[in-house]
Amino acid sequence: MTAFPVPAREGRAPVIGWYGDDFTGATDTLATLAHAGLRAMLFLRVPAQDELAAAGALDAVGIAGAARAMSVPAMREELAPVGAFFRDLGVSVLHYKMCSTFDSAPDKGNLCTAIRTLGAYVESPFVPVVGGQPNLGRYCVFSHLYAQAGAHGQVYRIDRHPTMSHHPVTPMGESDLRLHMQAQGVESMGSMHYPEYAQSEEAQDASLTAQRNRLAEGGQGQQPVLFDVAHEAHLAHVGRMIWREAERRMLLAVGASSVARSLLAHWGCAGKEETRAPGPAQGPVFVFAGSLSPVTLGQVRAATAYRHVAVDGALLLDDAAYRSRKLDEVTALLRSGENALACTNLSGAVDTSRAPLVARISADFVAQVVGRMAGIAPLRRVGIAGGDTSSQVTRALDVWGLSYLCSVSPGVTLSRVHSHDRQLDGMELMLKGGQVGSEDLFNRFAARA
């Protein structure tokens, strides 16, 4: 593997800083960078100086957030200190890491808000928007997004995808990502379509410059340009054009982990993607599945290594006595040494009307399970399924950082918890989005010696 071309050393700024709009996606970028040999740490908030120092010299610094499910005012409040932190840290590329399915809406997870807020803290007006991630079955062709349903499922145009077109918070009703983002307030966008990658570098640069000039002449302060990605080979072309500008001045890039993947491909240091089962679990394993995805439901139904606990999301939210009984049920299983899998969608019936509220109460539920077990036999391995649920759960725990351990499945990362709480520090945490992972994922996660 070619050495990282801009080696970090003591006192030198990390090259990449990323903010994940949900926790599962943030850990996917962590895994992408770690595979390539970069020293990376994912923080659960803007880190304090002692936390940053404890992480040591880093090539890449991440902050896991929950902007995908936030209102516009909440996003501004969330992202402003993030932008200031990365500006002061001196990164070359500030990456707003969004879901690979681009699920966002004018009133939730607004991409225009992210671009305008974070863009105020970078020097370059150029905002590359990377449109696909082939290793996860996400393809952007002529600015239209397509996504695979499940690990080996059919590929759908995103506005016809059986899950993402009906997402409970940010349903995708438009496949042209330019129109999708313009509906959220982006005035105008350029676009680089994949046939241009077959041209010379000079021709590619001339096309990009012409598009940026057109946007500047239109009076836009920022110059967002959407890049097609239909094949892994396209990433190096995209990364070269991003890095060409980032070498000169700090820029903001928007997209999934394909932003990092494109830079790594250009640098020639993209690591081989290897997924493996984690080592044997030390004690009982707890998994909470809050995802409404049929992919996650299939994984739950295949999880024979667990005792299943069906949890009604509405009752969890409205009935304190019911919530207490379920806490007792889960902790009793874990105390007896059995693996426990709590699922809010065990029947397959989907109620999306109060999904954000259910995600929040689910976070409290998981934190209470972990807290109860801390005084008995601290849990050493916990898994959360669902992007919004993962974001809420991780914020409910006393965790300041995550470092990479292994990739359990494409897009599914197992991380080591860093916490000031000795009962939590060192715990293994798997955060899984609804659309990713093999059917036997949970069983492999629970394997013991």
# chains A, B, ... in the order shown; residues from 1 in each chain; ligands from 1
call {"tool": "residues_around", "arguments": {"residues": "A:Tyr404", "least_positions_apart": "2", "cutoff": "10 Å", "atoms": "only C-alpha atoms", "output": "ChimeraX atom specification"}}
result
/A:27-28,30-35,39-42,402,406-407,413-417,428-429
call {"tool": "residues_around", "arguments": {"residues": "A:Ala13", "least_positions_apart": "3", "cutoff": "10 Å", "atoms": "only C-alpha atoms", "output": "MDAnalysis selection string"}}
result
chainID A and resid 8:10 16:17 57:61 86 88:92
call {"tool": "residues_around", "arguments": {"residues": "A:Ala303", "least_positions_apart": "3", "cutoff": "10 Å", "atoms": "only C-alpha atoms", "output": "ChimeraX atom specification"}}
result
/A:297-300,306-308,341,439-446
call {"tool": "residues_around", "arguments": {"residues": "A:Ala310", "least_positions_apart": "6", "cutoff": "12 Å", "atoms": "only C-alpha atoms", "output": "short mmCIF file (atom, residue, chain, number, x, y, z; two decimals) with C-alpha atoms, in the first residue's frame"}}
result
data_model
loop_
_atom_site.label_atom_id
_atom_site.label_comp_id
_atom_site.auth_asym_id
_atom_site.auth_seq_id
_atom_site.Cartn_x
_atom_site.Cartn_y
_atom_site.Cartn_z
CA PHE A 288 -31.22 -2.65 20.08
CA ALA A 289 -32.88 -2.51 16.65
CA GLY A 290 -34.75 0.73 16.20
CA VAL A 300 -33.40 -9.56 13.40
CA ARG A 301 -35.43 -12.57 12.29
CA LEU A 316 -42.18 2.86 25.25
CA TYR A 322 -44.42 -0.60 30.29
CA ARG A 323 -40.96 0.91 29.81
CA ARG A 325 -41.14 -3.81 32.59
CA LYS A 326 -39.17 -3.98 29.36
CA LEU A 327 -36.05 -2.71 31.09
CA GLU A 329 -36.97 -8.06 30.98
CA VAL A 330 -33.84 -7.08 29.02
CA ALA A 340 -30.66 -9.92 24.30
CA LEU A 341 -32.04 -8.28 21.16
CA ALA A 342 -34.72 -5.64 21.68
CA CYS A 343 -36.59 -4.62 18.54
CA THR A 344 -39.24 -1.96 18.00
CA ASN A 345 -40.29 -3.52 14.68
CA LEU A 346 -40.37 -7.25 15.39
CA SER A 347 -43.80 -7.68 13.81
CA GLY A 348 -42.84 -5.84 10.62
#
call {"tool": "residues_around", "arguments": {"residues": "A:Thr331", "least_positions_apart": "4", "cutoff": "12 Å", "atoms": "only C-alpha atoms", "output": "number ranges by chain"}}
result
A: 284-286, 307, 309, 324-327, 335-342, 365-379
call {"tool": "closest_residue", "arguments": {"among": "A:Phe126, A:Trp18, A:Phe227, A:Trp400", "to": "A:Met192", "atoms": "only C-alpha atoms"}}
result
A:Phe227
call {"tool": "closest_residue", "arguments": {"among": "A:Arg68, A:His193, A:Arg12, A:His266", "to": "A:Gln392", "atoms": "only C-alpha atoms"}}
result
A:Arg68
call {"tool": "residues_around", "arguments": {"residues": "A:Gly219", "least_positions_apart": "4", "cutoff": "12 Å", "atoms": "only C-alpha atoms", "output": "VMD selection string"}}
result
chain A and resid 125 187 to 188 212 to 215 223
call {"tool": "closest_residue", "arguments": {"among": "A:Arg395, A:His231, A:His144, A:His237", "to": "A:Ile63", "atoms": "only C-alpha atoms"}}
result
A:Arg395
call {"tool": "residues_around", "arguments": {"residues": "stretch 153-167 of chain A", "least_positions_apart": "4", "cutoff": "9 Å", "atoms": "only C-alpha atoms", "output": "list in words"}}
result
Thr101, Asp103, Gly137, Arg138, His144, Leu145, Tyr146, Ala147, Gln148, Ala149, Pro171, Met172, Gly173, Glu174, Ser175, Leu292, Ser293, Pro294, Thr352 and Gln435 of chain A
call {"tool": "write_last_selection", "arguments": {"atoms": "C-alpha atoms", "output": "JSON list (two decimals), in the first residue's frame"}}
result
[["chain", "number", "residue", "atom", "x", "y", "z"],
["A", 101, "THR", "CA", -28.91, 7.86, -0.06],
["A", 103, "ASP", "CA", -32.08, 11.49, 2.48],
["A", 137, "GLY", "CA", -24.56, -0.07, -3.98],
["A", 138, "ARG", "CA", -25.10, 3.68, -4.46],
["A", 144, "HIS", "CA", -29.60, 10.87, -10.79],
["A", 145, "LEU", "CA", -29.13, 8.68, -7.71],
["A", 146, "TYR", "CA", -29.74, 4.93, -7.64],
["A", 147, "ALA", "CA", -29.51, 2.67, -4.59],
["A", 148, "GLN", "CA", -29.47, -1.04, -3.93],
["A", 149, "ALA", "CA", -32.11, -2.43, -1.58],
["A", 171, "PRO", "CA", -38.48, 10.57, 2.22],
["A", 172, "MET", "CA", -36.69, 10.79, -1.13],
["A", 173, "GLY", "CA", -39.13, 11.95, -3.81],
["A", 174, "GLU", "CA", -36.63, 13.21, -6.40],
["A", 175, "SER", "CA", -33.77, 11.29, -8.02],
["A", 292, "LEU", "CA", -37.84, 0.48, 10.42],
["A", 293, "SER", "CA", -35.95, -1.00, 7.47],
["A", 294, "PRO", "CA", -36.96, -4.42, 6.08],
["A", 352, "THR", "CA", -43.60, 6.37, 11.13],
["A", 435, "GLN", "CA", -29.96, -0.48, 4.71]]
call {"tool": "atom_distance", "arguments": {"atom1": "atom CA of A:Leu315", "atom2": "atom CA of A:Val358"}}
result
9.4 Å
call {"tool": "closest_residue", "arguments": {"among": "A:Val412, A:Val311, A:Ala84, A:Leu263", "to": "A:Leu136", "atoms": "only C-alpha atoms"}}
result
A:Val412
call {"tool": "closest_residue", "arguments": {"among": "A:Glu217, A:Asp22, A:Glu247, A:Asp319", "to": "A:Ser104", "atoms": "only C-alpha atoms"}}
result
A:Asp22
call {"tool": "closest_atom_pairs", "arguments": {"of": "stretch 97-199 of chain A", "to": "stretch 70-75 of chain A", "cutoff": "12 Å", "atoms": "only C-alpha atoms", "output": "CSV"}}
result
residue,atom,partner,partner_atom,distance
A:Ser104,CA,A:Met70,CA,9.9
A:Ala105,CA,A:Ser71,CA,9.5
A:Pro106,CA,A:Val72,CA,8.0
A:Asp107,CA,A:Ser71,CA,5.5
A:Lys108,CA,A:Ser71,CA,4.8
A:Gly109,CA,A:Met70,CA,5.5
A:Asn110,CA,A:Val72,CA,6.5
A:Leu111,CA,A:Val72,CA,9.5
A:Cys112,CA,A:Val72,CA,9.4
A:Thr113,CA,A:Val72,CA,6.6
A:Ala114,CA,A:Met75,CA,7.2
A:Ile115,CA,A:Met75,CA,10.8
A:Arg116,CA,A:Met75,CA,10.8
A:Thr117,CA,A:Met75,CA,8.5
A:Leu118,CA,A:Met75,CA,10.3
A:Val169,CA,A:Met70,CA,9.8
A:Thr170,CA,A:Met70,CA,10.6
A:Gln184,CA,A:Val72,CA,10.3
A:Gly185,CA,A:Val72,CA,11.3
call {"tool": "write_last_selection", "arguments": {"atoms": "N, CA, C and O atoms", "output": "mmCIF file, in the first residue's frame"}}
result
data_model
loop_
_atom_site.group_PDB
_atom_site.id
_atom_site.type_symbol
_atom_site.label_atom_id
_atom_site.label_comp_id
_atom_site.auth_asym_id
_atom_site.auth_seq_id
_atom_site.Cartn_x
_atom_site.Cartn_y
_atom_site.Cartn_z
ATOM 1 N N SER A 104 -32.706 13.750 2.925
ATOM 2 C CA SER A 104 -32.715 15.074 3.539
ATOM 3 C C SER A 104 -33.942 15.794 3.009
ATOM 4 O O SER A 104 -34.547 15.365 2.024
ATOM 5 N N ALA A 105 -34.334 16.861 3.667
ATOM 6 C CA ALA A 105 -35.563 17.554 3.298
ATOM 7 C C ALA A 105 -35.430 19.033 3.651
ATOM 8 O O ALA A 105 -34.538 19.414 4.415
ATOM 9 N N PRO A 106 -36.307 19.887 3.118
ATOM 10 C CA PRO A 106 -36.223 21.312 3.447
ATOM 11 C C PRO A 106 -36.279 21.595 4.945
ATOM 12 O O PRO A 106 -35.612 22.515 5.422
ATOM 13 N N ASP A 107 -37.052 20.802 5.702
ATOM 14 C CA ASP A 107 -37.224 21.087 7.128
ATOM 15 C C ASP A 107 -36.445 20.157 8.047
ATOM 16 O O ASP A 107 -36.443 20.342 9.253
ATOM 17 N N LYS A 108 -35.757 19.157 7.496
ATOM 18 C CA LYS A 108 -34.968 18.219 8.298
ATOM 19 C C LYS A 108 -33.701 17.848 7.535
ATOM 20 O O LYS A 108 -33.755 17.414 6.386
ATOM 21 N N GLY A 109 -32.561 18.020 8.195
ATOM 22 C CA GLY A 109 -31.303 17.640 7.561
ATOM 23 C C GLY A 109 -31.002 18.424 6.302
ATOM 24 O O GLY A 109 -30.352 17.912 5.384
ATOM 25 N N ASN A 110 -31.421 19.678 6.246
ATOM 26 C CA ASN A 110 -31.338 20.499 5.035
ATOM 27 C C ASN A 110 -29.891 20.668 4.574
ATOM 28 O O ASN A 110 -29.052 21.203 5.292
ATOM 29 N N LEU A 111 -29.607 20.228 3.351
ATOM 30 C CA LEU A 111 -28.241 20.273 2.836
ATOM 31 C C LEU A 111 -27.780 21.689 2.533
ATOM 32 O O LEU A 111 -26.599 22.009 2.678
ATOM 33 N N CYS A 112 -28.688 22.530 2.109
ATOM 34 C CA CYS A 112 -28.330 23.924 1.863
ATOM 35 C C CYS A 112 -27.891 24.595 3.168
ATOM 36 O O CYS A 112 -26.908 25.352 3.192
ATOM 37 N N THR A 113 -28.588 24.296 4.247
ATOM 38 C CA THR A 113 -28.204 24.835 5.554
ATOM 39 C C THR A 113 -26.810 24.372 5.939
ATOM 40 O O THR A 113 -25.992 25.155 6.451
ATOM 41 N N ALA A 114 -26.510 23.092 5.709
ATOM 42 C CA ALA A 114 -25.182 22.566 6.022
ATOM 43 C C ALA A 114 -24.112 23.281 5.199
ATOM 44 O O ALA A 114 -23.062 23.672 5.729
ATOM 45 N N ILE A 115 -24.369 23.461 3.903
ATOM 46 C CA ILE A 115 -23.385 24.097 3.026
ATOM 47 C C ILE A 115 -23.159 25.550 3.427
ATOM 48 O O ILE A 115 -22.012 26.014 3.529
ATOM 49 N N ARG A 116 -24.231 26.279 3.690
ATOM 50 C CA ARG A 116 -24.078 27.690 4.041
ATOM 51 C C ARG A 116 -23.426 27.873 5.405
ATOM 52 O O ARG A 116 -22.596 28.769 5.597
ATOM 53 N N THR A 117 -23.799 27.023 6.363
ATOM 54 C CA THR A 117 -23.242 27.172 7.714
ATOM 55 C C THR A 117 -21.762 26.810 7.744
ATOM 56 O O THR A 117 -20.929 27.593 8.212
ATOM 57 N N LEU A 118 -21.416 25.634 7.238
ATOM 58 C CA LEU A 118 -20.019 25.213 7.268
ATOM 59 C C LEU A 118 -19.174 25.980 6.257
ATOM 60 O O LEU A 118 -17.976 26.207 6.483
ATOM 61 N N VAL A 169 -38.572 10.216 8.153
ATOM 62 C CA VAL A 169 -38.186 11.593 8.436
ATOM 63 C C VAL A 169 -37.860 12.362 7.158
ATOM 64 O O VAL A 169 -38.283 13.500 6.984
ATOM 65 N N THR A 170 -37.125 11.723 6.254
ATOM 66 C CA THR A 170 -36.670 12.411 5.048
ATOM 67 C C THR A 170 -36.935 11.542 3.812
ATOM 68 O O THR A 170 -35.996 11.003 3.210
ATOM 69 N N GLN A 184 -34.105 22.483 -1.401
ATOM 70 C CA GLN A 184 -33.716 22.808 -0.033
ATOM 71 C C GLN A 184 -33.030 24.169 0.067
ATOM 72 O O GLN A 184 -32.580 24.553 1.140
ATOM 73 N N GLY A 185 -32.953 24.889 -1.057
ATOM 74 C CA GLY A 185 -32.428 26.244 -1.012
ATOM 75 C C GLY A 185 -31.150 26.496 -1.774
ATOM 76 O O GLY A 185 -30.694 27.638 -1.861
#
call {"tool": "select_by_dssp", "arguments": {"residues": "stretch 101-325 of chain A", "states": "strand (DSSP E or B)", "output": "ChimeraX atom specification"}}
result
/A:105,108,126-130,133,138-141,144-148,155-157,176,190-192,223-227,229,251-255,275,286-289,307-310
call {"tool": "write_last_selection", "arguments": {"atoms": "C-alpha atoms", "output": "CSV table (one decimal), in the first residue's frame"}}
result
chain,number,residue,atom,x,y,z
A,105,ALA,CA,-35.6,17.6,3.3
A,108,LYS,CA,-35.0,18.2,8.3
A,126,PHE,CA,-15.9,25.5,-4.5
A,127,VAL,CA,-18.2,22.9,-2.9
A,128,PRO,CA,-17.8,19.4,-4.4
A,129,VAL,CA,-20.8,17.2,-3.9
A,130,VAL,CA,-20.0,13.5,-4.4
A,133,GLN,CA,-20.7,5.2,-3.3
A,138,ARG,CA,-25.1,3.7,-4.5
A,139,TYR,CA,-24.7,5.1,-8.0
A,140,CYS,CA,-25.0,8.6,-9.4
A,141,VAL,CA,-25.4,8.7,-13.1
A,144,HIS,CA,-29.6,10.9,-10.8
A,145,LEU,CA,-29.1,8.7,-7.7
A,146,TYR,CA,-29.7,4.9,-7.6
A,147,ALA,CA,-29.5,2.7,-4.6
A,148,GLN,CA,-29.5,-1.0,-3.9
A,155,VAL,CA,-31.0,-1.4,-7.6
A,156,TYR,CA,-33.7,1.3,-7.7
A,157,ARG,CA,-33.9,4.9,-8.7
A,176,ASP,CA,-32.1,14.3,-9.7
A,190,GLY,CA,-22.8,22.6,-11.6
A,191,SER,CA,-22.5,18.9,-12.6
A,192,MET,CA,-19.7,16.7,-13.7
A,223,GLN,CA,-20.0,27.1,-6.1
A,224,PRO,CA,-21.6,23.6,-5.5
A,225,VAL,CA,-20.7,21.0,-8.2
A,226,LEU,CA,-22.3,17.5,-8.2
A,227,PHE,CA,-19.9,14.7,-9.3
A,229,VAL,CA,-19.9,8.2,-9.3
A,251,LEU,CA,-12.7,23.6,1.2
A,252,LEU,CA,-16.0,22.1,2.1
A,253,ALA,CA,-16.9,18.8,0.5
A,254,VAL,CA,-20.4,17.2,0.7
A,255,GLY,CA,-21.3,13.5,0.3
A,275,THR,CA,-14.8,-7.5,6.6
A,286,PHE,CA,-27.0,-6.5,23.8
A,287,VAL,CA,-28.5,-5.2,20.5
A,288,PHE,CA,-31.2,-2.6,20.1
A,289,ALA,CA,-32.9,-2.5,16.7
A,307,ARG,CA,-33.4,-13.9,23.2
A,308,HIS,CA,-35.8,-11.5,21.4
A,309,VAL,CA,-37.7,-8.8,23.3
A,310,ALA,CA,-40.4,-7.1,21.3
